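Chemist: First the structure, which I've put down as C-alpha cells, then a few questions once you've had a look.
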Amino acid sequence: MELSLLFEFMLIGLLGIGSQWLAWRYSLPAIVIMSIAGLLAGPVFGLMNPEESFGNLYSPIISAAVAIILFEGSLNLNFKELRGLGKPVFRIATIGAFIAWILGSLTAHYVAGLSWAVAFVIGGLFIVTGPTVILPLLRQSKLKPRPAKILKWEGIIVDPIGVLLAVFAFEIIAFFTSEQTNGTALLLFFVISIFAAVFGVICGRFIGWMFETGHIPEFLKSPTIFSTVILCFAISDEMMHGPGLLAVTAMGMTLANMGISSISDMRHFKENISILLISGIFIMLAASLKMETIVHVFNPHIIGYVLLMMFLVRPLSIFLSTIGSGLTFNEKALVGWIAPRGIVALTVSSYFAAVLSDSGYEDASLVTTLTFGLVFFTVVAHGFSISWLAKKLHLSLEGRPGTIIVGSNPFTVGLAKSFEKARIPVVLLDTSWENLRYARNEGVPFYHGEVLSEQTEYNLDTIPYDYLIAATDFDSYNALVCTTFMPEYGRTNVFKINPYLEDNNSSENIVDKVGGRVLFTNEFSMEDLKNKVMEGFVFRQTTLTSQYSYEQYRRDKDEATVFLYAIKPSGHLYFYTEEMRTKPTTGDIIVSLTPPNKEIKKIRKRLESNGK
C-alpha cells in the first residue's frame, strides 16, 4: 500500500525525533540511530522513498535545510572562542583541507578506480564534516573545551570550503577538457564565490542593524532571520551551485560577532529547529537510497578506499597541518580520527554525480555509492568511538555530572564540599569577592563574576556541569538566573533556594511561580540553612543497603535534619524538592544536613555555662 505524502511527513518526524530520544535514553550516537532508522524505513522494508514522493521538491527541501543548519552552526562561531586556538583552526581549515583534498583524490583514483577528473571533484567534496554530524557527537561525548572547539569550528568552516573545492575542481576539468578553451567559467567561479561571501556579510550586517535599531519587532525576529537565510542562500546558489553555503556561513559568523542580545535570546529556538531539521533530513536521505547502492558499498575497492580515508588521509592531513601549532599529540590524535561525513556530502555528491555523468564520465555512477559508504562507515565508527577514545586520551570530562552554585555563603560552601567528597564537579559563582572568602578559605573551586554576563560565558567552562542552583540572598535574582538557564540545562535540572520563608500561598508572590524548582522543600529558607551550619550542623553521607532501608533511615533522623540530595550507583544525581518522584533505593548515597552529635552538644552546653 502506497503511503500518502502527509503520512510520510509524519513518519519522517516520528523516526527522526524517536531516534534522537533513543540515543539520549541509552547514550548512543544519534546519527547512527537515525541512519539505521532511515535505511530500515526506506530500502530495507520499502515503507517510503522521500525522493520519489516529493519529486522536484526533494532537492530544494534538503538544500534549504542544510543552509539553515549551517547558518545555525555558524552563529556559534564567536572569535572570542578562538583564544589560543586560532593557529590550529586556521591551519586545519586551509593547509589541512588542501592536504586532505590531494591525498583523498589520489586515493579515489588508485584505490576506488575513479578517473582523475571524478577523483579530484570527489576529493574536494570529501574534506567536509559539517555541523549535522559533528554537533550531535560533541553533545554526546562531552570533550574538553580545546578539542571540542577545534572540531566544531572545522566542521562549520570547512563545509562550504569543501563544496567550493569540488566546484573549483569541476571548473578546472571543464576548462582543460573543453574544445573551446577559455577562462570565462573559471573567472565566473571566483567572482561568484567572492560575491557570496560579501553578500553573506552584508545580509548579516543589515539584519543586525535592523535588530539593534528596533526596526523589527520581537515576534518577527525569528521569521525574519530564517527568511533572510533562505534569501541569502537562494540568490548565491542560483548563480552557481555551491557558493550559497559560503554565503549563509558568512552571514552567521557576522551576526555571531556583532554582540546582539536578540540573537543570543533566540539561540535555543534556533538549536531546536536545527535538531528537528537534522533528524528529518538524515531520515529522508537514508530512506531514499537504493538497495543496489547499499549492497555495492561492500565492494572491496570501496571498503579499501573508506579505510584509507579514515586511517591514513585524515590523520596525516591533521598531523602535517598542525606541526608547531601548539596542539598536544593526544589532541592531534583525537581530531585526526574524528571526521564523520554527513548531509552535505550526501546531497552535493548526488548533484555532482548527475553533472559528471552528463559530461560523459561513466565512473560518475560510483560517486553516490562511494559517498554513502564513507558517510555510513565514518558515522558508525566515529559515533561509537569518540567517547571511548577521548577517555583513553584524557580529553573527556570524566566523572559524575557537576553542579554550578550561584551565591557564596557558609551553607553553599558546605554543600560544595559535600559534592567534592562525592567526587561531583562543582564551582561557586559570586559577584562579591567578600562573599567568596568562604569558598577561598575552604579551598572550594570558585569563579568571581556575574553568571548572566557574556564574559562569564566565554571564560568559564560550563561543559562539566549539568545542574544549576541559584542560592543568593535575592529571590528575584535567583528566579532570573533559573529562567535564563532553564532552556540550556532543562527544567528539571535548575533549582533555587528561597532566601527567606514567606507566605507561599499568597497570590502576589509571583517569584515563586517562575524560575527553577525550590530546593529542600519550602520548609527551609537560605537563612535557616546558614543558621544550621553556624550552629554546627554537619553534611553527612549515608549509603542505603539491604539491611538498612530508606524507611529505617528516615525514622532514625532527627526532625531538624534537612535532606539535600541522593546519588544513584550510576552517578545520577537527584535533589530533594516538593516535586521529587524518585525514591532512594539500595545502593543510593543520601546526603543530608544533620544536627551535631549528642556528645558535641553536651560539650557546647558546658562551654556556654562556663562562659556565663
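Starting from 1 in every chain, residues are counted up; chains themselves are A, B, ... following the order of the C-alpha cells, and ligands are numbered from 1 as listed.
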Applying 10 Å and only C-alpha atoms, which residues near Phe495 of chain A remain after dropping the ones on its own chain fewer than 5 positions away? List them as an mmCIF file with C-alpha atoms, in the first residue's frame.
Modeler:
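File out.cif, as written:
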```
data_model
loop_
_atom_site.group_PDB
_atom_site.id
_atom_site.type_symbol
_atom_site.label_atom_id
_atom_site.label_comp_id
_atom_site.auth_asym_id
_atom_site.auth_seq_id
_atom_site.Cartn_x
_atom_site.Cartn_y
_atom_site.Cartn_z
ATOM 1 C CA ILE A 405 26.138 27.069 42.590
ATOM 2 C CA TYR A 467 22.828 21.190 37.261
ATOM 3 C CA LEU A 468 22.494 24.775 38.463
ATOM 4 C CA ILE A 469 21.489 26.073 41.907
ATOM 5 C CA ALA A 470 20.675 29.764 42.432
ATOM 6 C CA ALA A 471 21.294 30.453 46.131
ATOM 7 C CA ASN A 478 17.535 33.604 41.771
ATOM 8 C CA ALA A 479 14.379 33.355 39.660
ATOM 9 C CA VAL A 481 19.116 33.082 36.830
ATOM 10 C CA CYS A 482 16.936 29.959 36.731
ATOM 11 C CA THR A 483 14.744 31.340 33.951
ATOM 12 C CA MET A 486 16.372 26.711 32.029
ATOM 13 C CA GLY A 515 12.233 30.155 37.618
ATOM 14 C CA GLY A 516 13.546 26.822 38.857
ATOM 15 C CA ARG A 517 12.209 24.369 41.366
ATOM 16 C CA VAL A 518 12.600 25.176 45.059
ATOM 17 C CA LEU A 519 15.251 23.026 46.727
ATOM 18 C CA PHE A 520 14.868 21.136 50.008
ATOM 19 C CA PHE A 575 17.752 16.626 44.691
ATOM 20 C CA THR A 577 12.249 19.014 46.201
#
```
Chemist: Assign secondary structure with DSSP using the backbone only, and return the residues of segment 398-453 of chain A in strand (DSSP E) as a PDB file with N, CA and C atoms, in the first residue's frame.
Modeler:
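Result written to selection.pdb:
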```
ATOM      1  N   GLY A 402      28.327  17.573  37.001  1.00  0.00           N
ATOM      2  CA  GLY A 402      28.632  18.566  38.020  1.00  0.00           C
ATOM      3  C   GLY A 402      27.511  19.556  38.270  1.00  0.00           C
ATOM      4  N   THR A 403      27.771  20.451  39.242  1.00  0.00           N
ATOM      5  CA  THR A 403      26.771  21.429  39.662  1.00  0.00           C
ATOM      6  C   THR A 403      27.398  22.812  39.776  1.00  0.00           C
ATOM      7  N   ILE A 404      26.718  23.809  39.233  1.00  0.00           N
ATOM      8  CA  ILE A 404      27.101  25.212  39.408  1.00  0.00           C
ATOM      9  C   ILE A 404      26.231  25.792  40.521  1.00  0.00           C
ATOM     10  N   ILE A 405      26.869  26.426  41.500  1.00  0.00           N
ATOM     11  CA  ILE A 405      26.138  27.069  42.590  1.00  0.00           C
ATOM     12  C   ILE A 405      26.369  28.573  42.508  1.00  0.00           C
ATOM     13  N   VAL A 406      25.295  29.330  42.340  1.00  0.00           N
ATOM     14  CA  VAL A 406      25.394  30.796  42.254  1.00  0.00           C
ATOM     15  C   VAL A 406      25.089  31.368  43.639  1.00  0.00           C
ATOM     16  N   VAL A 426      32.110  20.731  40.977  1.00  0.00           N
ATOM     17  CA  VAL A 426      31.311  21.840  41.485  1.00  0.00           C
ATOM     18  C   VAL A 426      32.105  23.133  41.350  1.00  0.00           C
ATOM     19  N   VAL A 427      31.400  24.231  41.141  1.00  0.00           N
ATOM     20  CA  VAL A 427      32.031  25.547  41.132  1.00  0.00           C
ATOM     21  C   VAL A 427      31.041  26.546  41.738  1.00  0.00           C
ATOM     22  N   LEU A 428      31.575  27.458  42.559  1.00  0.00           N
ATOM     23  CA  LEU A 428      30.770  28.511  43.182  1.00  0.00           C
ATOM     24  C   LEU A 428      30.981  29.815  42.427  1.00  0.00           C
ATOM     25  N   LEU A 429      29.881  30.500  42.116  1.00  0.00           N
ATOM     26  CA  LEU A 429      29.963  31.791  41.430  1.00  0.00           C
ATOM     27  C   LEU A 429      29.387  32.875  42.318  1.00  0.00           C
ATOM     28  N   ASP A 430      30.044  34.024  42.326  1.00  0.00           N
ATOM     29  CA  ASP A 430      29.510  35.167  43.058  1.00  0.00           C
ATOM     30  C   ASP A 430      30.152  36.432  42.525  1.00  0.00           C
ATOM     31  N   PHE A 446      35.976  28.251  42.705  1.00  0.00           N
ATOM     32  CA  PHE A 446      35.057  29.388  42.611  1.00  0.00           C
ATOM     33  C   PHE A 446      35.376  30.214  41.372  1.00  0.00           C
ATOM     34  N   TYR A 447      34.417  31.057  41.004  1.00  0.00           N
ATOM     35  CA  TYR A 447      34.589  31.989  39.885  1.00  0.00           C
ATOM     36  C   TYR A 447      34.012  33.338  40.313  1.00  0.00           C
ATOM     37  N   HIS A 448      34.822  34.374  40.174  1.00  0.00           N
ATOM     38  CA  HIS A 448      34.382  35.713  40.549  1.00  0.00           C
ATOM     39  C   HIS A 448      33.827  36.412  39.316  1.00  0.00           C
TER      40      HIS A 448
END
```
Chemist: Neighbouring residues of Ala108 of chain A were defined as those with any atom within 8 Å, considering only C-alpha atoms; residues of the same chain fewer than 6 positions away were excluded. Please report them as number ranges by chain.
Modeler: A: 114, 119, 122-123, 305
Chemist: Go through A:Ser350, A:Ser27, A:Ser35, A:Ser317 one by one, measure the shortest atom-to-atom distance of each to Gly104 of chain A using only C-alpha atoms, and give the residue with the smallest value.
Modeler: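 With only C-alpha atoms as the atom set, the closest residue is A:Ser317.
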Chemist: Write out as a VMD selection string each polymer residue whose atoms come within 10 Å of Ala30 of chain A, counting only C-alpha atoms; drop sequence neighbours fewer than 2 positions from it.
Modeler: chain A and resid 16 to 24 27 to 28 32 to 35 133 136 to 137 139 to 140 279 379 383
Chemist: With N, CA and C atoms kept, could you save the residues just selected as a PDB file, in the first residue's frame?
Modeler:
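Final output, part_9.pdb:
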```pdb
ATOM      1  N   GLY A  16      12.747  10.480  13.131  1.00  0.00           N
ATOM      2  CA  GLY A  16      13.846  11.394  13.463  1.00  0.00           C
ATOM      3  C   GLY A  16      13.909  11.709  14.940  1.00  0.00           C
ATOM      4  N   ILE A  17      12.807  12.178  15.496  1.00  0.00           N
ATOM      5  CA  ILE A  17      12.773  12.537  16.917  1.00  0.00           C
ATOM      6  C   ILE A  17      12.847  11.282  17.789  1.00  0.00           C
ATOM      7  N   GLY A  18      12.227  10.196  17.337  1.00  0.00           N
ATOM      8  CA  GLY A  18      12.321   8.933  18.075  1.00  0.00           C
ATOM      9  C   GLY A  18      13.760   8.440  18.170  1.00  0.00           C
ATOM     10  N   SER A  19      14.506   8.598  17.077  1.00  0.00           N
ATOM     11  CA  SER A  19      15.923   8.207  17.080  1.00  0.00           C
ATOM     12  C   SER A  19      16.716   9.076  18.044  1.00  0.00           C
ATOM     13  N   GLN A  20      16.423  10.372  18.053  1.00  0.00           N
ATOM     14  CA  GLN A  20      17.112  11.278  18.983  1.00  0.00           C
ATOM     15  C   GLN A  20      16.821  10.887  20.432  1.00  0.00           C
ATOM     16  N   TRP A  21      15.568  10.521  20.702  1.00  0.00           N
ATOM     17  CA  TRP A  21      15.210  10.145  22.072  1.00  0.00           C
ATOM     18  C   TRP A  21      15.896   8.842  22.484  1.00  0.00           C
ATOM     19  N   LEU A  22      15.910   7.843  21.592  1.00  0.00           N
ATOM     20  CA  LEU A  22      16.584   6.585  21.890  1.00  0.00           C
ATOM     21  C   LEU A  22      18.072   6.811  22.156  1.00  0.00           C
ATOM     22  N   ALA A  23      18.674   7.680  21.344  1.00  0.00           N
ATOM     23  CA  ALA A  23      20.095   7.979  21.519  1.00  0.00           C
ATOM     24  C   ALA A  23      20.346   8.619  22.875  1.00  0.00           C
ATOM     25  N   TRP A  24      19.448   9.534  23.272  1.00  0.00           N
ATOM     26  CA  TRP A  24      19.590  10.186  24.583  1.00  0.00           C
ATOM     27  C   TRP A  24      19.343   9.195  25.714  1.00  0.00           C
ATOM     28  N   SER A  27      22.270   6.509  25.665  1.00  0.00           N
ATOM     29  CA  SER A  27      23.629   7.045  25.457  1.00  0.00           C
ATOM     30  C   SER A  27      24.274   6.459  24.207  1.00  0.00           C
ATOM     31  N   LEU A  28      23.546   6.519  23.097  1.00  0.00           N
ATOM     32  CA  LEU A  28      24.047   6.033  21.814  1.00  0.00           C
ATOM     33  C   LEU A  28      24.241   7.203  20.857  1.00  0.00           C
ATOM     34  N   VAL A  32      23.935   7.625  14.212  1.00  0.00           N
ATOM     35  CA  VAL A  32      23.911   6.202  13.849  1.00  0.00           C
ATOM     36  C   VAL A  32      22.479   5.675  13.902  1.00  0.00           C
ATOM     37  N   ILE A  33      21.763   6.011  14.967  1.00  0.00           N
ATOM     38  CA  ILE A  33      20.371   5.542  15.116  1.00  0.00           C
ATOM     39  C   ILE A  33      19.506   6.097  13.983  1.00  0.00           C
ATOM     40  N   MET A  34      19.702   7.389  13.642  1.00  0.00           N
ATOM     41  CA  MET A  34      18.908   7.992  12.561  1.00  0.00           C
ATOM     42  C   MET A  34      19.201   7.332  11.216  1.00  0.00           C
ATOM     43  N   SER A  35      20.479   7.040  10.957  1.00  0.00           N
ATOM     44  CA  SER A  35      20.856   6.393   9.689  1.00  0.00           C
ATOM     45  C   SER A  35      20.215   5.017   9.574  1.00  0.00           C
ATOM     46  N   VAL A 133      26.727  16.389  11.660  1.00  0.00           N
ATOM     47  CA  VAL A 133      27.263  15.180  12.297  1.00  0.00           C
ATOM     48  C   VAL A 133      28.172  15.518  13.486  1.00  0.00           C
ATOM     49  N   PRO A 136      26.037  16.775  16.982  1.00  0.00           N
ATOM     50  CA  PRO A 136      25.469  15.691  17.799  1.00  0.00           C
ATOM     51  C   PRO A 136      26.534  14.867  18.517  1.00  0.00           C
ATOM     52  N   LEU A 137      27.694  14.661  17.871  1.00  0.00           N
ATOM     53  CA  LEU A 137      28.768  13.908  18.509  1.00  0.00           C
ATOM     54  C   LEU A 137      29.335  14.664  19.706  1.00  0.00           C
ATOM     55  N   ARG A 139      27.756  16.868  21.479  1.00  0.00           N
ATOM     56  CA  ARG A 139      26.723  16.871  22.522  1.00  0.00           C
ATOM     57  C   ARG A 139      26.747  15.553  23.306  1.00  0.00           C
ATOM     58  N   GLN A 140      27.086  14.480  22.612  1.00  0.00           N
ATOM     59  CA  GLN A 140      27.086  13.148  23.223  1.00  0.00           C
ATOM     60  C   GLN A 140      28.348  12.880  24.035  1.00  0.00           C
ATOM     61  N   SER A 279      17.353  15.764  12.177  1.00  0.00           N
ATOM     62  CA  SER A 279      16.651  14.485  12.346  1.00  0.00           C
ATOM     63  C   SER A 279      15.873  14.112  11.090  1.00  0.00           C
ATOM     64  N   VAL A 379      30.306   7.555  10.201  1.00  0.00           N
ATOM     65  CA  VAL A 379      29.295   7.874  11.218  1.00  0.00           C
ATOM     66  C   VAL A 379      29.259   6.788  12.295  1.00  0.00           C
ATOM     67  N   GLY A 383      31.015   7.634  15.677  1.00  0.00           N
ATOM     68  CA  GLY A 383      29.937   7.794  16.648  1.00  0.00           C
ATOM     69  C   GLY A 383      30.120   6.916  17.869  1.00  0.00           C
TER      70      GLY A 383
END
```
Chemist: Can you pull out every residue within 10 Å of Ile99 of chain A, counting only C-alpha atoms, but drop anything in the same chain fewer than 4 positions away, and send it as JSON, numbers by chain?
Modeler: {"A": [92, 94, 95, 103, 104, 105, 127, 313, 314, 316, 317, 318, 320, 321]}
Chemist: How would the residues just picked look written out with N, CA, C and O atoms as a PDB file, in the first residue's frame?
Modeler:
```pdb
ATOM      1  N   ILE A  92      44.140  23.884  10.007  1.00  0.00           N
ATOM      2  CA  ILE A  92      43.313  22.730   9.641  1.00  0.00           C
ATOM      3  C   ILE A  92      42.347  23.098   8.515  1.00  0.00           C
ATOM      4  O   ILE A  92      42.120  22.305   7.596  1.00  0.00           O
ATOM      5  N   THR A  94      42.748  25.329   6.219  1.00  0.00           N
ATOM      6  CA  THR A  94      43.428  25.722   4.963  1.00  0.00           C
ATOM      7  C   THR A  94      44.420  24.644   4.521  1.00  0.00           C
ATOM      8  O   THR A  94      44.146  23.886   3.590  1.00  0.00           O
ATOM      9  N   ILE A  95      45.546  24.548   5.227  1.00  0.00           N
ATOM     10  CA  ILE A  95      46.573  23.569   4.847  1.00  0.00           C
ATOM     11  C   ILE A  95      46.034  22.150   4.978  1.00  0.00           C
ATOM     12  O   ILE A  95      46.222  21.312   4.083  1.00  0.00           O
ATOM     13  N   LEU A 103      45.385  14.115  -1.077  1.00  0.00           N
ATOM     14  CA  LEU A 103      45.508  12.713  -0.696  1.00  0.00           C
ATOM     15  C   LEU A 103      44.209  11.943  -0.966  1.00  0.00           C
ATOM     16  O   LEU A 103      44.236  10.790  -1.414  1.00  0.00           O
ATOM     17  N   GLY A 104      43.063  12.595  -0.707  1.00  0.00           N
ATOM     18  CA  GLY A 104      41.781  11.948  -0.965  1.00  0.00           C
ATOM     19  C   GLY A 104      41.566  11.687  -2.452  1.00  0.00           C
ATOM     20  O   GLY A 104      41.022  10.642  -2.838  1.00  0.00           O
ATOM     21  N   SER A 105      41.997  12.616  -3.289  1.00  0.00           N
ATOM     22  CA  SER A 105      41.866  12.453  -4.745  1.00  0.00           C
ATOM     23  C   SER A 105      42.752  11.321  -5.250  1.00  0.00           C
ATOM     24  O   SER A 105      42.333  10.503  -6.079  1.00  0.00           O
ATOM     25  N   ILE A 127      36.339  16.465   1.988  1.00  0.00           N
ATOM     26  CA  ILE A 127      37.035  17.057   3.136  1.00  0.00           C
ATOM     27  C   ILE A 127      36.029  17.589   4.156  1.00  0.00           C
ATOM     28  O   ILE A 127      36.399  17.956   5.264  1.00  0.00           O
ATOM     29  N   VAL A 313      44.460   9.158   5.345  1.00  0.00           N
ATOM     30  CA  VAL A 313      44.304  10.508   4.795  1.00  0.00           C
ATOM     31  C   VAL A 313      43.970  11.523   5.889  1.00  0.00           C
ATOM     32  O   VAL A 313      44.641  12.559   6.012  1.00  0.00           O
ATOM     33  N   ARG A 314      42.956  11.247   6.679  1.00  0.00           N
ATOM     34  CA  ARG A 314      42.545  12.198   7.726  1.00  0.00           C
ATOM     35  C   ARG A 314      43.639  12.415   8.782  1.00  0.00           C
ATOM     36  O   ARG A 314      44.014  13.561   9.046  1.00  0.00           O
ATOM     37  N   LEU A 316      46.847  11.939   8.639  1.00  0.00           N
ATOM     38  CA  LEU A 316      48.034  12.555   8.030  1.00  0.00           C
ATOM     39  C   LEU A 316      47.812  14.038   7.765  1.00  0.00           C
ATOM     40  O   LEU A 316      48.696  14.873   8.024  1.00  0.00           O
ATOM     41  N   SER A 317      46.643  14.404   7.267  1.00  0.00           N
ATOM     42  CA  SER A 317      46.356  15.815   6.973  1.00  0.00           C
ATOM     43  C   SER A 317      46.339  16.653   8.246  1.00  0.00           C
ATOM     44  O   SER A 317      46.798  17.798   8.260  1.00  0.00           O
ATOM     45  N   ILE A 318      45.837  16.087   9.356  1.00  0.00           N
ATOM     46  CA  ILE A 318      45.790  16.818  10.625  1.00  0.00           C
ATOM     47  C   ILE A 318      47.188  16.946  11.220  1.00  0.00           C
ATOM     48  O   ILE A 318      47.607  18.037  11.641  1.00  0.00           O
ATOM     49  N   LEU A 320      50.137  16.787   9.756  1.00  0.00           N
ATOM     50  CA  LEU A 320      51.022  17.638   8.945  1.00  0.00           C
ATOM     51  C   LEU A 320      50.642  19.112   9.054  1.00  0.00           C
ATOM     52  O   LEU A 320      51.505  19.989   9.123  1.00  0.00           O
ATOM     53  N   SER A 321      49.357  19.406   9.068  1.00  0.00           N
ATOM     54  CA  SER A 321      48.909  20.807   9.075  1.00  0.00           C
ATOM     55  C   SER A 321      49.049  21.463  10.439  1.00  0.00           C
ATOM     56  O   SER A 321      49.052  22.699  10.525  1.00  0.00           O
TER      57      SER A 321
END
```
Chemist: Enumerate the residues of segment 285-325 of chain A with a DSSP assignment of helix (DSSP H, G or I), computed from the backbone, and present them as a JSON list (two decimals) with N, CA, C and O atoms, in the first residue's frame.
Modeler:
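part17.json was written with the following content:
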```json
[["chain", "number", "residue", "atom", "x", "y", "z"],
["A", 285, "LEU", "N", 17.32, 11.23, 3.62],
["A", 285, "LEU", "CA", 18.43, 10.81, 2.77],
["A", 285, "LEU", "C", 18.64, 9.30, 2.83],
["A", 285, "LEU", "O", 18.84, 8.64, 1.80],
["A", 286, "ALA", "N", 18.63, 8.75, 4.05],
["A", 286, "ALA", "CA", 18.85, 7.30, 4.19],
["A", 286, "ALA", "C", 17.71, 6.51, 3.57],
["A", 286, "ALA", "O", 17.93, 5.47, 2.93],
["A", 287, "ALA", "N", 16.47, 7.01, 3.73],
["A", 287, "ALA", "CA", 15.31, 6.28, 3.20],
["A", 287, "ALA", "C", 15.23, 6.36, 1.68],
["A", 287, "ALA", "O", 14.55, 5.54, 1.06],
["A", 291, "MET", "N", 18.64, -0.10, -2.77],
["A", 291, "MET", "CA", 19.25, -1.29, -2.19],
["A", 291, "MET", "C", 20.55, -1.65, -2.92],
["A", 291, "MET", "O", 21.51, -2.12, -2.31],
["A", 292, "GLU", "N", 20.60, -1.39, -4.25],
["A", 292, "GLU", "CA", 21.82, -1.69, -5.01],
["A", 292, "GLU", "C", 23.00, -0.86, -4.50],
["A", 292, "GLU", "O", 24.14, -1.33, -4.44],
["A", 293, "THR", "N", 22.71, 0.38, -4.12],
["A", 293, "THR", "CA", 23.75, 1.26, -3.60],
["A", 293, "THR", "C", 24.32, 0.70, -2.30],
["A", 293, "THR", "O", 25.53, 0.68, -2.09],
["A", 294, "ILE", "N", 23.43, 0.22, -1.43],
["A", 294, "ILE", "CA", 23.86, -0.32, -0.15],
["A", 294, "ILE", "C", 24.69, -1.59, -0.34],
["A", 294, "ILE", "O", 25.74, -1.77, 0.29],
["A", 295, "VAL", "N", 24.24, -2.46, -1.23],
["A", 295, "VAL", "CA", 24.96, -3.71, -1.48],
["A", 295, "VAL", "C", 26.33, -3.43, -2.08],
["A", 295, "VAL", "O", 27.34, -4.05, -1.70],
["A", 296, "HIS", "N", 26.40, -2.45, -2.99],
["A", 296, "HIS", "CA", 27.65, -2.14, -3.68],
["A", 296, "HIS", "C", 28.69, -1.51, -2.76],
["A", 296, "HIS", "O", 29.88, -1.49, -3.08],
["A", 300, "PRO", "N", 35.15, -4.55, -2.41],
["A", 300, "PRO", "CA", 36.48, -4.43, -1.78],
["A", 300, "PRO", "C", 37.18, -3.11, -2.09],
["A", 300, "PRO", "O", 37.87, -2.56, -1.22],
["A", 301, "HIS", "N", 37.03, -2.60, -3.31],
["A", 301, "HIS", "CA", 37.68, -1.33, -3.67],
["A", 301, "HIS", "C", 37.11, -0.18, -2.84],
["A", 301, "HIS", "O", 37.86, 0.71, -2.40],
["A", 302, "ILE", "N", 35.79, -0.18, -2.65],
["A", 302, "ILE", "CA", 35.15, 0.90, -1.89],
["A", 302, "ILE", "C", 35.52, 0.80, -0.40],
["A", 302, "ILE", "O", 35.83, 1.80, 0.25],
["A", 303, "ILE", "N", 35.52, -0.43, 0.13],
["A", 303, "ILE", "CA", 35.91, -0.62, 1.53],
["A", 303, "ILE", "C", 37.36, -0.19, 1.74],
["A", 303, "ILE", "O", 37.70, 0.49, 2.73],
["A", 304, "GLY", "N", 38.23, -0.55, 0.79],
["A", 304, "GLY", "CA", 39.64, -0.14, 0.88],
["A", 304, "GLY", "C", 39.79, 1.37, 0.85],
["A", 304, "GLY", "O", 40.58, 1.95, 1.61],
["A", 305, "TYR", "N", 39.00, 2.02, -0.01],
["A", 305, "TYR", "CA", 39.04, 3.48, -0.09],
["A", 305, "TYR", "C", 38.59, 4.12, 1.23],
["A", 305, "TYR", "O", 39.25, 5.03, 1.74],
["A", 306, "VAL", "N", 37.49, 3.62, 1.78],
["A", 306, "VAL", "CA", 36.97, 4.17, 3.04],
["A", 306, "VAL", "C", 37.98, 4.00, 4.17],
["A", 306, "VAL", "O", 38.23, 4.93, 4.96],
["A", 307, "LEU", "N", 38.59, 2.82, 4.27],
["A", 307, "LEU", "CA", 39.57, 2.57, 5.33],
["A", 307, "LEU", "C", 40.79, 3.48, 5.22],
["A", 307, "LEU", "O", 41.29, 3.99, 6.22],
["A", 308, "LEU", "N", 41.27, 3.69, 4.00],
["A", 308, "LEU", "CA", 42.42, 4.59, 3.82],
["A", 308, "LEU", "C", 42.06, 6.03, 4.16],
["A", 308, "LEU", "O", 42.87, 6.77, 4.73],
["A", 309, "MET", "N", 40.85, 6.45, 3.80],
["A", 309, "MET", "CA", 40.40, 7.80, 4.14],
["A", 309, "MET", "C", 40.34, 7.99, 5.65],
["A", 309, "MET", "O", 40.67, 9.06, 6.18],
["A", 310, "MET", "N", 39.91, 6.95, 6.36],
["A", 310, "MET", "CA", 39.76, 7.05, 7.81],
["A", 310, "MET", "C", 41.09, 6.92, 8.55],
["A", 310, "MET", "O", 41.36, 7.67, 9.49],
["A", 311, "PHE", "N", 41.92, 5.98, 8.13],
["A", 311, "PHE", "CA", 43.12, 5.65, 8.91],
["A", 311, "PHE", "C", 44.41, 6.28, 8.36],
["A", 311, "PHE", "O", 45.44, 6.23, 9.05],
["A", 312, "LEU", "N", 44.37, 6.83, 7.17],
["A", 312, "LEU", "CA", 45.60, 7.42, 6.61],
["A", 312, "LEU", "C", 45.42, 8.89, 6.22],
["A", 312, "LEU", "O", 46.14, 9.76, 6.72],
["A", 313, "VAL", "N", 44.46, 9.16, 5.35],
["A", 313, "VAL", "CA", 44.30, 10.51, 4.80],
["A", 313, "VAL", "C", 43.97, 11.52, 5.89],
["A", 313, "VAL", "O", 44.64, 12.56, 6.01],
["A", 314, "ARG", "N", 42.96, 11.25, 6.68],
["A", 314, "ARG", "CA", 42.55, 12.20, 7.73],
["A", 314, "ARG", "C", 43.64, 12.42, 8.78],
["A", 314, "ARG", "O", 44.01, 13.56, 9.05],
["A", 315, "PRO", "N", 44.18, 11.36, 9.41],
["A", 315, "PRO", "CA", 45.22, 11.60, 10.42],
["A", 315, "PRO", "C", 46.44, 12.32, 9.85],
["A", 315, "PRO", "O", 47.00, 13.21, 10.50],
["A", 316, "LEU", "N", 46.85, 11.94, 8.64],
["A", 316, "LEU", "CA", 48.03, 12.56, 8.03],
["A", 316, "LEU", "C", 47.81, 14.04, 7.77],
["A", 316, "LEU", "O", 48.70, 14.87, 8.02],
["A", 317, "SER", "N", 46.64, 14.40, 7.27],
["A", 317, "SER", "CA", 46.36, 15.81, 6.97],
["A", 317, "SER", "C", 46.34, 16.65, 8.25],
["A", 317, "SER", "O", 46.80, 17.80, 8.26],
["A", 318, "ILE", "N", 45.84, 16.09, 9.36],
["A", 318, "ILE", "CA", 45.79, 16.82, 10.62],
["A", 318, "ILE", "C", 47.19, 16.95, 11.22],
["A", 318, "ILE", "O", 47.61, 18.04, 11.64],
["A", 319, "PHE", "N", 47.96, 15.86, 11.27],
["A", 319, "PHE", "CA", 49.29, 15.91, 11.87],
["A", 319, "PHE", "C", 50.22, 16.82, 11.08],
["A", 319, "PHE", "O", 51.01, 17.57, 11.66],
["A", 320, "LEU", "N", 50.14, 16.79, 9.76],
["A", 320, "LEU", "CA", 51.02, 17.64, 8.94],
["A", 320, "LEU", "C", 50.64, 19.11, 9.05],
["A", 320, "LEU", "O", 51.51, 19.99, 9.12],
["A", 321, "SER", "N", 49.36, 19.41, 9.07],
["A", 321, "SER", "CA", 48.91, 20.81, 9.07],
["A", 321, "SER", "C", 49.05, 21.46, 10.44],
["A", 321, "SER", "O", 49.05, 22.70, 10.53]]
```
Chemist: Would you compute the distance between atom CA of Ser115 of chain A and atom CA of Ala185 of chain A? Give it in Å to one decimal.
Modeler: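 Atom-to-atom, atom CA of Ser115 of chain A to atom CA of Ala185 of chain A, that is 22.2 Å.
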Chemist: Compile the contact shell of segment 460-466 of chain A as a list in words: residues with an atom at most 7 Å away, counting only C-alpha atoms, same-chain residues fewer than 3 positions apart removed.
Modeler: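 Near segment 460-466 of chain A, the qualifying residues are Lys142, Leu397, Pro401, Gly402, Thr403, Ile404, Thr456, Glu457, Tyr489 and Asn493 of chain A.
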Chemist: Can you tell me which residues surround Val562 of chain A at a distance of at most 10 Å, considering only C-alpha atoms, apart from same-chain residues fewer than 6 positions away, and format the answer as a list in words?
Modeler: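 Near neighbours after the sequence-gap exclusion: Phe520, Thr521, Glu523, Phe524, Leu529, Lys532, Phe537, Phe539, Tyr576, Val591, Ser592, Leu593, Thr594 and Pro595 of chain A.
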